[in-house]
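Visitor: Compact mmCIF, C-alpha atoms and all ligand atoms, file coords-v4.txt:
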# COMPACT_ATOMS: atom_id res chain seq x y z
CA MET A 1 0.00 0.00 0.00
CA ALA A 2 2.85 2.39 0.82
CA LYS A 3 4.35 1.73 -2.63
CA LYS A 4 1.07 2.45 -4.39
CA LEU A 5 0.27 5.52 -2.24
CA SER A 6 3.70 6.99 -2.96
CA LYS A 7 2.44 8.00 -6.42
CA LEU A 8 0.17 10.58 -4.72
CA ASN A 9 1.27 13.91 -3.35
CA VAL A 10 1.33 12.68 0.26
CA ARG A 11 3.90 11.98 2.96
CA ILE A 12 3.76 8.34 4.06
CA LEU A 13 5.15 7.12 7.35
CA LEU A 14 5.48 3.35 7.49
CA ILE A 15 5.85 2.00 11.03
CA ASP A 16 6.85 -1.56 11.88
CA LYS A 17 8.27 -3.11 15.04
CA ASN A 18 10.69 -5.05 12.81
CA ASN A 19 12.96 -3.48 10.20
CA TYR A 20 12.07 -6.18 7.68
CA HIS A 21 9.11 -7.64 5.83
CA THR A 22 8.50 -11.37 6.33
CA PHE A 23 7.00 -13.67 3.72
CA GLN A 24 5.16 -15.85 6.23
CA PRO A 25 4.05 -18.69 3.89
CA LEU A 26 7.67 -19.89 3.72
CA LEU A 27 8.49 -19.63 7.43
CA TYR A 28 8.22 -23.41 7.68
CA GLN A 29 11.14 -23.69 5.22
CA VAL A 30 13.38 -21.67 7.57
CA ALA A 31 12.11 -23.73 10.52
CA THR A 32 13.09 -26.97 8.81
CA GLY A 33 16.40 -25.85 7.34
CA GLY A 34 15.25 -25.61 3.71
CA LEU A 35 15.86 -21.88 3.26
CA GLU A 36 17.86 -19.14 4.91
CA ALA A 37 16.00 -16.38 6.75
CA GLU A 38 17.31 -13.80 4.29
CA ASN A 39 15.52 -15.61 1.44
CA ILE A 40 12.09 -14.91 2.90
CA ALA A 41 12.65 -11.57 4.63
CA TYR A 42 13.59 -8.20 3.19
CA PRO A 43 14.75 -4.96 4.88
CA ILE A 44 11.98 -2.34 4.68
CA ARG A 45 14.42 0.55 4.13
CA LYS A 46 15.82 -1.28 1.11
CA ILE A 47 12.34 -1.69 -0.39
CA PHE A 48 11.78 2.09 -0.21
CA ARG A 49 15.23 3.39 -1.21
CA ARG A 50 13.92 5.14 -4.29
CA TYR A 51 10.60 6.31 -2.80
CA LYS A 52 11.19 9.92 -1.75
CA ASN A 53 7.86 10.41 0.08
CA VAL A 54 7.92 7.14 2.07
CA PHE A 55 9.60 7.32 5.48
CA PHE A 56 10.17 4.41 7.85
CA ARG A 57 10.31 4.24 11.64
CA MET A 58 11.07 1.03 13.49
CA ALA A 59 8.59 1.28 16.37
CA GLU A 60 5.98 -0.72 18.20
CA VAL A 61 2.56 0.92 18.25
CA PHE A 62 0.64 0.52 21.51
CA SER A 63 -2.44 2.72 21.21
CA VAL A 64 -4.39 5.22 19.14
CA ASN A 65 -5.84 8.49 20.34
CA GLU A 66 -8.65 8.96 17.84
CA SER A 67 -9.67 12.47 18.87
CA GLU A 68 -6.10 13.87 18.85
CA LYS A 69 -5.06 11.78 15.79
CA LYS A 70 -1.95 10.48 17.56
CA LEU A 71 -0.29 7.11 18.07
CA THR A 72 1.56 6.09 21.22
CA THR A 73 4.65 4.05 20.41
CA ASN A 74 7.83 2.89 22.13
CA ILE A 75 9.67 5.77 20.40
CA GLY A 76 7.17 8.43 21.46
CA SER A 77 4.01 9.97 20.08
CA ILE A 78 3.37 10.12 16.33
CA ALA A 79 0.75 12.40 14.73
CA TYR A 80 -1.16 11.52 11.56
CA ASP A 81 -3.91 12.82 9.29
CA TYR A 82 -5.08 9.40 8.09
CA LEU A 83 -4.22 6.10 9.75
CA VAL A 84 -4.15 2.64 8.14
CA LEU A 85 -3.89 -0.25 10.59
CA ALA A 86 -2.30 -3.36 9.06
CA MET A 87 -0.67 -5.05 12.04
CA GLY A 88 -1.77 -8.53 11.10
CA SER A 89 -2.24 -11.34 13.56
CA THR A 90 -0.38 -13.06 16.35
CA ASN A 91 -0.45 -16.56 17.84
CA ASN A 92 -3.66 -17.67 19.50
CA TYR A 93 -2.87 -20.42 21.99
CA PHE A 94 -6.45 -21.04 23.17
CA ASN A 95 -6.32 -23.50 26.12
CA PHE A 96 -2.51 -23.79 25.66
CA GLU A 97 -1.91 -20.18 26.80
CA LYS A 98 -0.67 -21.44 30.19
CA VAL A 99 1.95 -23.70 28.58
CA LYS A 100 2.95 -21.39 25.72
CA ASN A 101 6.56 -21.21 26.93
CA LYS A 102 6.89 -24.98 26.52
CA ILE A 103 5.70 -25.09 22.91
CA LEU A 104 7.00 -23.65 19.66
CA PRO A 105 4.77 -21.35 17.58
CA LEU A 106 5.42 -20.57 13.91
CA LYS A 107 4.50 -16.96 13.21
CA SER A 108 7.74 -14.99 12.98
CA LEU A 109 11.34 -15.45 11.88
CA THR A 110 12.37 -15.79 15.53
CA ASP A 111 9.84 -18.62 15.90
CA ALA A 112 11.26 -20.33 12.81
CA PHE A 113 14.83 -20.07 14.18
CA ASN A 114 13.65 -21.47 17.53
CA ILE A 115 12.03 -24.49 15.86
CA ARG A 116 15.11 -25.20 13.75
CA SER A 117 17.44 -24.89 16.73
CA TYR A 118 15.26 -26.97 19.01
CA LEU A 119 14.92 -29.80 16.47
CA MET A 120 18.69 -29.86 15.99
CA GLN A 121 19.48 -29.53 19.72
CA ASN A 122 17.21 -32.49 20.47
CA LEU A 123 18.74 -34.65 17.74
CA GLU A 124 22.20 -33.97 19.21
CA ARG A 125 20.92 -34.61 22.76
CA SER A 126 19.18 -37.86 21.77
CA LEU A 127 22.56 -39.51 21.11
CA LEU A 128 23.38 -39.18 24.81
CA VAL A 129 20.13 -40.80 25.98
CA LYS A 130 20.40 -44.55 26.57
CA ASN A 131 16.82 -45.50 27.53
CA VAL A 132 14.70 -46.18 24.41
CA GLU A 133 11.52 -44.48 25.67
CA ASP A 134 13.42 -41.41 26.83
CA GLN A 135 15.20 -41.22 23.49
CA GLU A 136 11.85 -41.40 21.68
CA GLU A 137 10.53 -38.52 23.75
CA VAL A 138 13.54 -36.39 22.79
CA VAL A 139 13.25 -36.99 19.04
CA ASN A 140 9.46 -37.18 18.69
CA VAL A 141 7.76 -34.14 17.19
CA ALA A 142 4.09 -33.18 17.57
CA VAL A 143 2.58 -30.59 15.25
CA ILE A 144 -0.71 -29.15 16.46
CA GLY A 145 -3.00 -27.80 13.74
CA GLY A 146 -3.80 -29.50 10.43
CA GLY A 147 -4.16 -26.30 8.39
CA PRO A 148 -1.73 -25.31 5.59
CA ALA A 149 1.06 -24.26 8.01
CA GLY A 150 0.73 -27.48 10.07
CA ILE A 151 0.78 -29.87 7.12
CA GLU A 152 3.67 -28.01 5.51
CA VAL A 153 5.84 -28.15 8.60
CA ALA A 154 4.92 -31.80 9.36
CA GLY A 155 5.70 -32.79 5.74
CA ALA A 156 9.04 -30.99 5.78
CA ILE A 157 10.12 -32.62 9.06
CA ALA A 158 9.06 -36.04 7.74
CA GLU A 159 11.21 -35.50 4.63
CA MET A 160 14.10 -34.39 6.80
CA LYS A 161 13.77 -37.63 8.78
CA LYS A 162 13.64 -39.70 5.58
CA TYR A 163 16.42 -38.11 3.54
CA VAL A 164 18.67 -35.87 5.64
CA LEU A 165 18.88 -37.37 9.13
CA PRO A 166 20.15 -40.81 8.01
CA LEU A 167 23.16 -38.98 6.50
CA ASP A 168 23.75 -36.56 9.39
CA PHE A 169 22.88 -38.84 12.33
CA PRO A 170 23.96 -42.35 11.25
CA GLU A 171 24.18 -43.51 14.90
CA LEU A 172 20.56 -42.62 15.61
CA ASN A 173 17.87 -45.31 15.23
CA LEU A 174 15.36 -43.19 13.33
CA SER A 175 12.52 -45.69 13.76
CA ARG A 176 12.33 -44.17 17.26
CA MET A 177 11.41 -40.76 15.87
CA HIS A 178 7.66 -40.23 15.38
CA ILE A 179 6.09 -37.20 13.76
CA TYR A 180 2.52 -36.63 14.91
CA LEU A 181 0.00 -34.22 13.43
CA PHE A 182 -3.01 -33.39 15.61
CA GLU A 183 -6.11 -31.73 14.16
CA ALA A 184 -9.29 -31.01 16.13
CA ALA A 185 -11.56 -30.97 13.04
CA PRO A 186 -12.65 -34.23 11.37
CA ARG A 187 -10.36 -33.56 8.38
CA LEU A 188 -7.09 -31.85 7.47
CA LEU A 189 -7.09 -28.53 5.58
CA SER A 190 -10.64 -27.61 6.55
CA VAL A 191 -10.19 -24.29 4.67
CA MET A 192 -9.77 -26.26 1.44
CA SER A 193 -11.81 -28.78 -0.60
CA ASP A 194 -12.41 -32.41 0.33
CA GLU A 195 -10.10 -33.52 -2.52
CA ALA A 196 -7.28 -31.34 -1.21
CA SER A 197 -7.83 -32.68 2.28
CA LYS A 198 -7.80 -36.34 1.17
CA HIS A 199 -4.69 -35.92 -0.97
CA ALA A 200 -2.83 -34.07 1.79
CA PHE A 201 -3.70 -36.92 4.18
CA LYS A 202 -2.38 -39.54 1.73
CA TYR A 203 0.86 -37.61 0.96
CA LEU A 204 1.60 -37.10 4.64
CA GLU A 205 0.88 -40.74 5.48
CA ASN A 206 3.24 -41.83 2.69
CA LEU A 207 5.93 -39.71 4.30
CA GLY A 208 5.33 -41.49 7.61
CA VAL A 209 3.45 -38.76 9.50
CA ILE A 210 1.06 -40.17 12.14
CA ILE A 211 -2.13 -38.15 11.61
CA LYS A 212 -4.68 -37.79 14.39
CA ILE A 213 -7.85 -36.07 13.20
CA SER A 214 -10.79 -35.17 15.51
CA SER A 215 -8.12 -34.99 18.22
CA HIS A 216 -8.45 -32.13 20.69
CA VAL A 217 -5.24 -31.49 22.54
CA LYS A 218 -5.99 -30.68 26.16
CA ASP A 219 -2.72 -30.12 27.97
CA TYR A 220 1.06 -30.42 27.82
CA ASP A 221 3.43 -30.71 30.75
CA GLY A 222 6.66 -30.34 28.76
CA SER A 223 6.89 -34.09 28.22
CA GLN A 224 3.39 -35.59 27.79
CA LEU A 225 0.86 -34.22 25.33
CA ILE A 226 -2.59 -35.07 26.65
CA LEU A 227 -5.70 -35.31 24.49
CA GLU A 228 -9.27 -34.69 25.60
CA ASP A 229 -10.09 -38.41 25.24
CA GLY A 230 -7.39 -39.18 27.82
CA LYS A 231 -4.75 -40.55 25.42
CA SER A 232 -1.26 -39.14 25.83
CA PHE A 233 1.90 -38.93 23.70
CA ARG A 234 5.47 -38.44 24.89
CA THR A 235 7.22 -35.69 23.00
CA ASP A 236 9.69 -32.98 23.90
CA THR A 237 8.88 -30.91 20.80
CA VAL A 238 5.43 -29.44 20.25
CA ILE A 239 4.99 -27.11 17.27
CA TRP A 240 1.90 -24.92 17.48
CA THR A 241 0.16 -23.87 14.24
CA ALA A 242 -3.39 -24.12 15.56
CA GLY A 243 -4.54 -20.55 15.42
CA VAL A 244 -3.95 -16.85 15.17
CA LYS A 245 -5.74 -13.80 16.54
CA PRO A 246 -5.55 -10.16 15.50
CA VAL A 247 -2.85 -7.96 17.04
CA LYS A 248 -4.40 -5.84 19.79
CA ILE A 249 -4.24 -2.06 19.80
CA SER A 250 -5.82 0.00 22.55
CA GLY A 251 -7.66 3.31 22.32
CA LEU A 252 -10.15 2.35 19.62
CA THR A 253 -13.91 2.61 20.23
CA GLN A 254 -15.11 -0.75 21.60
CA THR A 255 -18.02 -0.82 19.15
CA SER A 256 -15.56 -1.06 16.27
CA ILE A 257 -13.94 -4.24 17.65
CA LEU A 258 -15.46 -7.72 17.17
CA PRO A 259 -15.41 -10.21 20.11
CA GLY A 260 -12.45 -12.08 18.54
CA GLY A 261 -10.47 -8.82 18.27
CA ARG A 262 -10.71 -8.12 14.54
CA LEU A 263 -11.62 -4.55 13.61
CA LYS A 264 -15.00 -3.94 11.99
CA VAL A 265 -14.55 -2.15 8.68
CA ASP A 266 -17.07 -1.05 6.09
CA GLY A 267 -16.93 -1.83 2.37
CA HIS A 268 -14.22 0.84 1.95
CA ASN A 269 -12.03 -0.66 4.68
CA LYS A 270 -12.85 2.29 6.91
CA LEU A 271 -13.15 1.53 10.61
CA LEU A 272 -16.78 1.73 11.72
CA ASN A 273 -17.56 5.01 13.55
CA SER A 274 -14.33 6.65 12.38
CA SER A 275 -13.71 9.22 9.66
CA HIS A 276 -9.93 8.86 9.31
CA ILE A 277 -8.91 5.32 10.38
CA PHE A 278 -8.79 2.40 7.96
CA ALA A 279 -7.83 -1.24 8.53
CA ILE A 280 -6.67 -3.91 6.06
CA GLY A 281 -5.31 -7.45 6.15
CA ASP A 282 -5.62 -9.97 8.98
CA ILE A 283 -6.56 -7.31 11.53
CA ALA A 284 -9.65 -6.20 9.59
CA ALA A 285 -12.98 -8.02 9.42
CA CYS A 286 -14.73 -6.92 6.28
CA ILE A 287 -18.12 -8.48 7.00
CA SER A 288 -20.73 -8.78 4.27
CA ASP A 289 -23.77 -10.95 3.52
CA GLY A 290 -21.52 -13.26 1.48
CA ASN A 291 -18.87 -13.36 4.24
CA PRO A 292 -20.68 -13.16 7.60
CA ARG A 293 -17.46 -14.08 9.49
CA GLY A 294 -15.28 -11.64 7.57
CA LEU A 295 -12.77 -12.41 4.83
CA PRO A 296 -10.18 -15.13 5.55
CA MET A 297 -6.81 -14.18 7.06
CA LEU A 298 -4.84 -14.74 3.84
CA ALA A 299 -2.14 -12.83 1.98
CA PRO A 300 -4.23 -12.20 -1.20
CA VAL A 301 -6.97 -10.57 0.91
CA ALA A 302 -4.41 -8.25 2.54
CA ILE A 303 -2.73 -7.38 -0.77
CA GLN A 304 -5.99 -6.74 -2.64
CA GLN A 305 -7.29 -4.56 0.19
CA ALA A 306 -4.02 -2.59 0.23
CA VAL A 307 -4.12 -1.84 -3.50
CA HIS A 308 -7.82 -1.01 -3.37
CA LEU A 309 -7.45 1.34 -0.41
CA ALA A 310 -4.54 3.16 -2.05
CA ASN A 311 -6.78 3.72 -5.10
CA ASN A 312 -9.58 4.90 -2.82
CA PHE A 313 -7.24 7.46 -1.20
CA ARG A 314 -6.65 8.91 -4.66
CA LEU A 315 -10.45 9.32 -5.02
CA LEU A 316 -10.78 10.70 -1.48
CA PHE A 317 -8.15 13.39 -2.05
CA SER A 318 -9.80 14.46 -5.30
CA GLY A 319 -13.23 14.66 -3.63
CA LYS A 320 -14.72 11.72 -5.55
CA PRO A 321 -16.86 8.93 -4.03
CA LEU A 322 -14.99 5.81 -2.83
CA ILE A 323 -15.42 2.44 -4.54
CA PRO A 324 -16.44 -0.54 -2.35
CA PHE A 325 -13.92 -3.38 -1.97
CA ASN A 326 -14.73 -6.64 -3.69
CA TYR A 327 -12.48 -9.64 -2.88
CA LYS A 328 -11.49 -11.82 -5.83
CA ASN A 329 -10.76 -15.30 -4.56
CA LYS A 330 -7.65 -16.49 -6.37
CA GLY A 331 -7.51 -19.85 -4.60
CA VAL A 332 -5.65 -21.56 -1.77
CA MET A 333 -2.74 -23.98 -1.92
CA ALA A 334 -0.47 -25.98 0.34
CA THR A 335 2.56 -28.19 -0.23
CA ILE A 336 3.51 -31.50 1.33
CA GLY A 337 7.20 -32.23 1.03
CA ARG A 338 9.35 -31.49 -1.96
CA LYS A 339 7.20 -32.84 -4.77
CA ARG A 340 3.53 -32.73 -3.83
CA ALA A 341 0.98 -29.96 -3.36
CA VAL A 342 -2.75 -29.40 -3.34
CA VAL A 343 -4.27 -26.44 -5.16
CA ASP A 344 -7.90 -25.22 -5.01
CA LEU A 345 -8.61 -22.56 -7.62
CA PRO A 346 -12.12 -21.11 -7.86
CA LYS A 347 -12.89 -23.24 -10.94
CA TRP A 348 -10.25 -25.97 -10.85
CA LYS A 349 -8.83 -28.22 -8.17
CA PHE A 350 -5.69 -30.26 -8.73
CA GLN A 351 -3.06 -32.09 -6.71
CA GLY A 352 0.31 -33.81 -7.07
CA GLY A 353 3.48 -32.93 -8.97
CA PHE A 354 1.97 -30.29 -11.27
CA ALA A 355 0.30 -28.63 -8.27
CA TRP A 356 3.72 -28.53 -6.60
CA LEU A 357 5.25 -26.79 -9.66
CA VAL A 358 2.44 -24.20 -9.54
CA TRP A 359 2.91 -23.77 -5.77
CA MET A 360 6.68 -23.34 -6.22
CA SER A 361 6.35 -20.80 -9.06
CA ILE A 362 3.82 -18.67 -7.18
CA HIS A 363 5.89 -18.64 -4.01
CA ILE A 364 9.08 -17.68 -5.85
CA ILE A 365 7.29 -14.86 -7.73
CA SER A 366 5.80 -13.59 -4.45
CA LEU A 367 9.16 -13.16 -2.73
CA ILE A 368 10.54 -9.63 -2.59
CA GLY A 369 13.77 -8.87 -4.43
CA PHE A 370 15.59 -10.51 -7.33
CA ARG A 371 18.27 -11.99 -5.05
CA ASN A 372 15.70 -13.69 -2.83
CA LYS A 373 13.89 -15.18 -5.84
CA MET A 374 17.14 -16.48 -7.37
CA MET A 375 18.59 -17.84 -4.13
CA THR A 376 15.34 -19.65 -3.33
CA LEU A 377 15.18 -21.14 -6.80
CA ILE A 378 18.81 -22.31 -6.54
CA ASP A 379 18.37 -23.74 -3.01
CA TRP A 380 15.20 -25.61 -4.00
CA SER A 381 16.70 -26.90 -7.24
CA ILE A 382 19.73 -28.28 -5.39
CA SER A 383 17.67 -29.99 -2.70
CA TYR A 384 15.25 -31.33 -5.32
CA PHE A 385 18.05 -33.31 -6.92
CA ASN A 386 20.25 -34.24 -3.96
CA TYR A 387 17.42 -34.73 -1.39
CA ASP A 388 19.46 -32.69 1.10
CA LYS A 389 18.71 -29.54 3.07
CA PRO A 390 21.36 -26.86 3.30
CA LEU A 391 20.90 -25.67 6.87
CA GLY A 392 21.09 -27.39 10.21
CA ILE A 393 22.95 -24.98 12.44
CA ILE A 394 21.83 -24.22 15.98
CA ILE A 395 21.54 -20.43 16.23
CA PRO A 396 20.35 -19.41 18.76
CA THR A 397 20.04 -22.22 21.28
CA PHE A 398 16.46 -22.46 22.47
CA LYS A 399 15.35 -23.27 26.03
CA LYS A 400 11.81 -23.93 27.20
CA SER A 401 10.68 -21.95 30.25
CA ASP A 402 7.80 -22.16 32.77
C1 LIG B 1 3.17 -19.91 9.01
C2 LIG B 1 2.20 -19.13 8.15
C3 LIG B 1 1.91 -19.58 6.87
C4 LIG B 1 1.03 -18.86 6.05
N1 LIG B 1 0.77 -19.33 4.79
C5 LIG B 1 -0.05 -18.64 3.99
C6 LIG B 1 -0.29 -19.08 2.66
O1 LIG B 1 0.25 -20.11 2.22
N2 LIG B 1 -1.13 -18.34 1.86
C7 LIG B 1 -1.73 -17.20 2.33
O2 LIG B 1 -2.45 -16.54 1.58
N3 LIG B 1 -1.52 -16.75 3.58
C8 LIG B 1 -0.70 -17.45 4.43
N4 LIG B 1 -0.48 -16.99 5.70
C9 LIG B 1 -1.21 -15.81 6.16
C10 LIG B 1 -0.58 -14.54 5.64
O3 LIG B 1 0.80 -14.53 5.94
C11 LIG B 1 -1.29 -13.35 6.26
O4 LIG B 1 -2.66 -13.42 5.93
C12 LIG B 1 -0.73 -12.03 5.75
O5 LIG B 1 0.65 -11.91 6.06
C13 LIG B 1 -1.51 -10.88 6.38
O6 LIG B 1 -0.92 -9.67 6.00
P1 LIG B 1 -1.00 -8.40 6.97
O7 LIG B 1 -0.34 -7.29 6.22
O8 LIG B 1 -2.39 -8.22 7.46
O9 LIG B 1 -0.14 -8.80 8.24
P2 LIG B 1 1.38 -9.23 8.37
O10 LIG B 1 1.93 -9.74 7.10
O11 LIG B 1 1.44 -10.14 9.57
O12 LIG B 1 2.13 -7.87 8.69
C14 LIG B 1 1.91 -7.20 9.90
C15 LIG B 1 3.12 -6.34 10.19
O13 LIG B 1 2.81 -5.51 11.30
C16 LIG B 1 3.90 -5.47 12.19
N5 LIG B 1 3.33 -5.21 13.54
C17 LIG B 1 2.51 -6.00 14.25
N6 LIG B 1 2.18 -5.40 15.41
C18 LIG B 1 2.79 -4.20 15.41
C19 LIG B 1 2.82 -3.13 16.33
N7 LIG B 1 2.14 -3.15 17.47
N8 LIG B 1 3.57 -2.05 16.02
C20 LIG B 1 4.28 -2.01 14.86
N9 LIG B 1 4.29 -2.99 13.96
C21 LIG B 1 3.54 -4.07 14.22
C22 LIG B 1 4.55 -6.83 12.06
O14 LIG B 1 5.93 -6.74 12.42
C23 LIG B 1 4.36 -7.13 10.57
O15 LIG B 1 5.45 -6.71 9.81
C24 LIG B 1 0.41 -17.67 6.53
C25 LIG B 1 0.71 -17.22 7.83
C26 LIG B 1 1.60 -17.94 8.63
C27 LIG B 1 1.92 -17.44 10.02
Please, can you express the file's structure as structure tokens?
Ligand SMILES: Cc1cc2nc3c(=O)[nH]c(=O)nc-3n(C[C@H](O)[C@H](O)[C@H](O)COP(=O)(O)OP(=O)(O)OC[C@H]3O[C@@H](n4cnc5c(N)ncnc54)[C@H](O)[C@@H]3O)c2cc1C
Guide:
Amino acid sequence: MAKKLSKLNVRILLIDKNNYHTFQPLLYQVATGGLEAENIAYPIRKIFRRYKNVFFRMAEVFSVNESEKKLTTNIGSIAYDYLVLAMGSTNNYFNFEKVKNKILPLKSLTDAFNIRSYLMQNLERSLLVKNVEDQEEVVNVAVIGGGPAGIEVAGAIAEMKKYVLPLDFPELNLSRMHIYLFEAAPRLLSVMSDEASKHAFKYLENLGVIIKISSHVKDYDGSQLILEDGKSFRTDTVIWTAGVKPVKISGLTQTSILPGGRLKVDGHNKLLNSSHIFAIGDIAACISDGNPRGLPMLAPVAIQQAVHLANNFRLLFSGKPLIPFNYKNKGVMATIGRKRAVVDLPKWKFQGGFAWLVWMSIHIISLIGFRNKMMTLIDWSISYFNYDKPLGIIIPTFKKSD
């Protein structure tokens, strides 16, 4: 949106708590050693080098003062004429909130580093454990959440176990390592079609993932994962991909916030009851008769809203009426391992090797920067042929806490 707005005669201040943009759909690749962090992240200042009216401040926004048109941030107060909130979402741990320091979420680059380090630390540690059951606990991995992120991370770890670990850990009996995927709903990928769900199940099973559908996880004590039906699984590593919730910002009128925390916006992405605040992306719930629960928290929704709102600002500044936003569903996809994917387009659903090629092309095109696109293509091409993954270093070490 900042890029598009920069064509207007306005001064744009872009604020982010990080100095980089993250391409979240490929976080699982960093978490499982398939790509470097720099492939999927890009410094914001570098993106806007040539944009003379876009300014950047690295700051965390805490609250909005609607009447004074000011933001409170960790670097002080910032005034604005128009405000666009696009802070996205954060992990939602549901009943696992109390044990969140014992599990590993996958929402940021730091999370991805933590997962990679913890997997590697545990593999190293497992060689020192003599008792079979204790060793299993150290190397077992449980992924909670059978949505796109969960199946992608489970598939990548299963491939790592099959192709990479026998080379790197020849002393380890890998039949002791179990990769579990727990999903509360009766099927995987509930945001996608039945075909996609069935194919994803089959691909994951072929890779050796133990899939538990209709399985509500109830508790975790750092060693035992307990299900609602009383069954329990020993695992030291629990990866959480089971939900997100909108980032919270205080100071907004309560009537413009839905119970789940998303901001109520009208058809122009304008916050209800506000004349100068807009919201786009995961944080915004654009509710309509066709979408009573709001649009899905997906990248194409965020990008389309951003472009549309920038165009609407042009109309606003020239005193013309705004055009309502209309989401064009371009489809959803997910990949399982290095060769398989499932793709649901509005008029065509397909799975398998061709779907994987489509998935790969779209993800490479979506990365920011020529270097990132090329490096990703090279890394993936190499691992496609030699079945290896380039990265297994432990930086930083990760420790669970209470
Ligand atoms: C693991 C994973 C896999 C995904 N896979 C897919 C996929 O395959 N396809 C798909 O369409 N979508 C996918 N998504 C969802 C997609 O990434 C989001 O829908 C999209 O990024 C939303 O864009 P956004 O601009 O609303 O928020 P974000 O991209 O999350 O950007 C929000 C920005 O706000 C910053 N921020 C947050 N709070 C503050 C604050 N208080 N102050 C200052 N800055 C702040 C953050 O640092 C961040 O840079 C995935 C998400 C995850 C986590």
Visitor: Hey, can you check how far CA of Ser6 (chain A) sits from CA of Tyr51 (chain A)?
Guide: 6.9 Å
Visitor: Rank nothing, just name the residue among A:Ile226, A:Ile394, A:Met87, A:Ile336 nearest to ligand LIG 1 (chain B), using all atoms listed in the file.
Guide: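 Of A:Ile226, A:Ile394, A:Met87, A:Ile336, the one nearest ligand LIG 1 (chain B) is A:Met87, counting all atoms listed in the file.
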Visitor: Which one is closest to Ile303 (chain A): A:Lys3, A:Leu377, A:Lys102, A:Leu252? Count only C-alpha atoms.
Guide: A:Lys3
Visitor: Which residue out of A:His268, A:Lys245, A:His216, A:Lys399 has the minimum interatomic distance to ligand LIG 1 (chain B) when all atoms listed in the file are used?
Guide: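 Looking only at the distances to ligand LIG 1 (chain B), the closest residue turns out to be A:Lys245.
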Visitor: Could you tell me how far CA of Ala196 (chain A) lies from CA of Pro105 (chain A), in Å and to one decimal?
Guide: 24.5 Å
Visitor: Between CA of Pro166 (chain A) and CA of Trp356 (chain A), what distance in Å does the model show, to one decimal?
Guide: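 These atoms are spaced 25.2 Å apart.
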Visitor: Write as an NGL selection string the residues around ligand LIG 1 (chain B), taking 7 Å as the cut-off and counting all atoms listed in the file.
Guide: :A and (15-18 or 20-28 or 59-62 or 86-89 or 106-108 or 148-149 or 247 or 249 or 280-283 or 297-300 or 302 or 332-334)
Visitor: Closest to Glu171 (chain A) among A:Ile12, A:Leu188, A:Leu128, A:Val141, using only C-alpha atoms?
Guide: A:Leu128
Visitor: Just want the 9 Å neighbourhood of Phe398 (chain A), counted on only C-alpha atoms, with same-chain residues fewer than 2 positions away dropped. Output as a PyMOL selection string.
Guide: chain A and resi 113-115+117-118+121+394-396+400
Visitor: Quick one: of A:Gly294, A:Pro246, A:Gly331, A:Gly150, who's nearest to Ser193 (chain A), counting all atoms listed in the file?
Guide: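 Result for the nearest residue to Ser193 (chain A): A:Gly331.
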Visitor: I want to know what sits within 6 Å of region 156-164 of chain A, based on only C-alpha atoms, with residues of the same chain fewer than 2 positions away left out; could you give that as a short mmCIF file (atom, residue, chain, number, x, y, z; two decimals) with C-alpha atoms, keeping the file's coordinate frame?
Guide:
data_model
loop_
_atom_site.label_atom_id
_atom_site.label_comp_id
_atom_site.auth_asym_id
_atom_site.auth_seq_id
_atom_site.Cartn_x
_atom_site.Cartn_y
_atom_site.Cartn_z
CA VAL A 153 5.84 -28.15 8.60
CA ALA A 154 4.92 -31.80 9.36
CA PRO A 166 20.15 -40.81 8.01
CA LEU A 167 23.16 -38.98 6.50
CA LEU A 207 5.93 -39.71 4.30
CA GLY A 337 7.20 -32.23 1.03
CA ASP A 388 19.46 -32.69 1.10
#
Visitor: For each of A:Ser197, A:Gln304, A:Asn131, A:Asn101, take the minimum atom-to-atom distance to Ile213 (chain A), counting only C-alpha atoms, then give the residue where this is smallest.
Guide: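 For Ile213 (chain A), the nearest of the candidates is A:Ser197.
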Visitor: If we count all atoms listed in the file, what is near Trp240 (chain A) at a cut-off of 9 Å, once residues fewer than 4 positions away on the same chain are taken out, given as a list in words?
Guide: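 Answer for this query is Asn91, Tyr93, Ile103, Leu104, Pro105, Leu106, Ala142, Val143, Ile144, Gly145 and Gly150 of chain A.
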Visitor: List the spatial neighbours of Glu36 (chain A) as a ChimeraX atom specification - criterion: any atom at most 12 Å away, all atoms listed in the file, same-chain residues fewer than 3 positions off excluded.
Guide: /A:26-33,39-42,109,112-113,116,372,375-376,378-380,389-393,395
Visitor: Report as a list in words all protein, DNA and RNA residues lying within 8 Å of Val64 (chain A), evaluated on all atoms listed in the file, omitting residues in the same chain fewer than 4 positions from it.
Guide: Lys69, Lys70, Leu71, Thr72, Ile249, Ser250, Gly251 and Leu252 of chain A
Visitor: Could you write out as lines of an AutoDock Vina configuration file the box around region 276-282 of chain A (axis-aligned, all atoms listed in the file, 5 Å on each side), with centre and edge lengths in Å to one decimal?
Guide:
center_x = -7.6
center_y = -0.6
center_z = 8.2
size_x = 14.6
size_y = 28.8
size_z = 14.3
Visitor: Name the residues, using the chain letters and numbers of the file, that sit within 8 Å of (-6.2, -29.9, 29.0) when counting all atoms listed in the file, and give them as a PyMOL selection string.
Guide: chain A and resi 95-96+217-220+226-228
Visitor: Let's have the selection written as a compact mmCIF listing (two decimals), in the frame of the given file, with C-alpha atoms.
Guide:
# COMPACT_ATOMS: atom_id res chain seq x y z
CA ASN A 95 -6.32 -23.50 26.12
CA PHE A 96 -2.51 -23.79 25.66
CA VAL A 217 -5.24 -31.49 22.54
CA LYS A 218 -5.99 -30.68 26.16
CA ASP A 219 -2.72 -30.12 27.97
CA TYR A 220 1.06 -30.42 27.82
CA ILE A 226 -2.59 -35.07 26.65
CA LEU A 227 -5.70 -35.31 24.49
CA GLU A 228 -9.27 -34.69 25.60
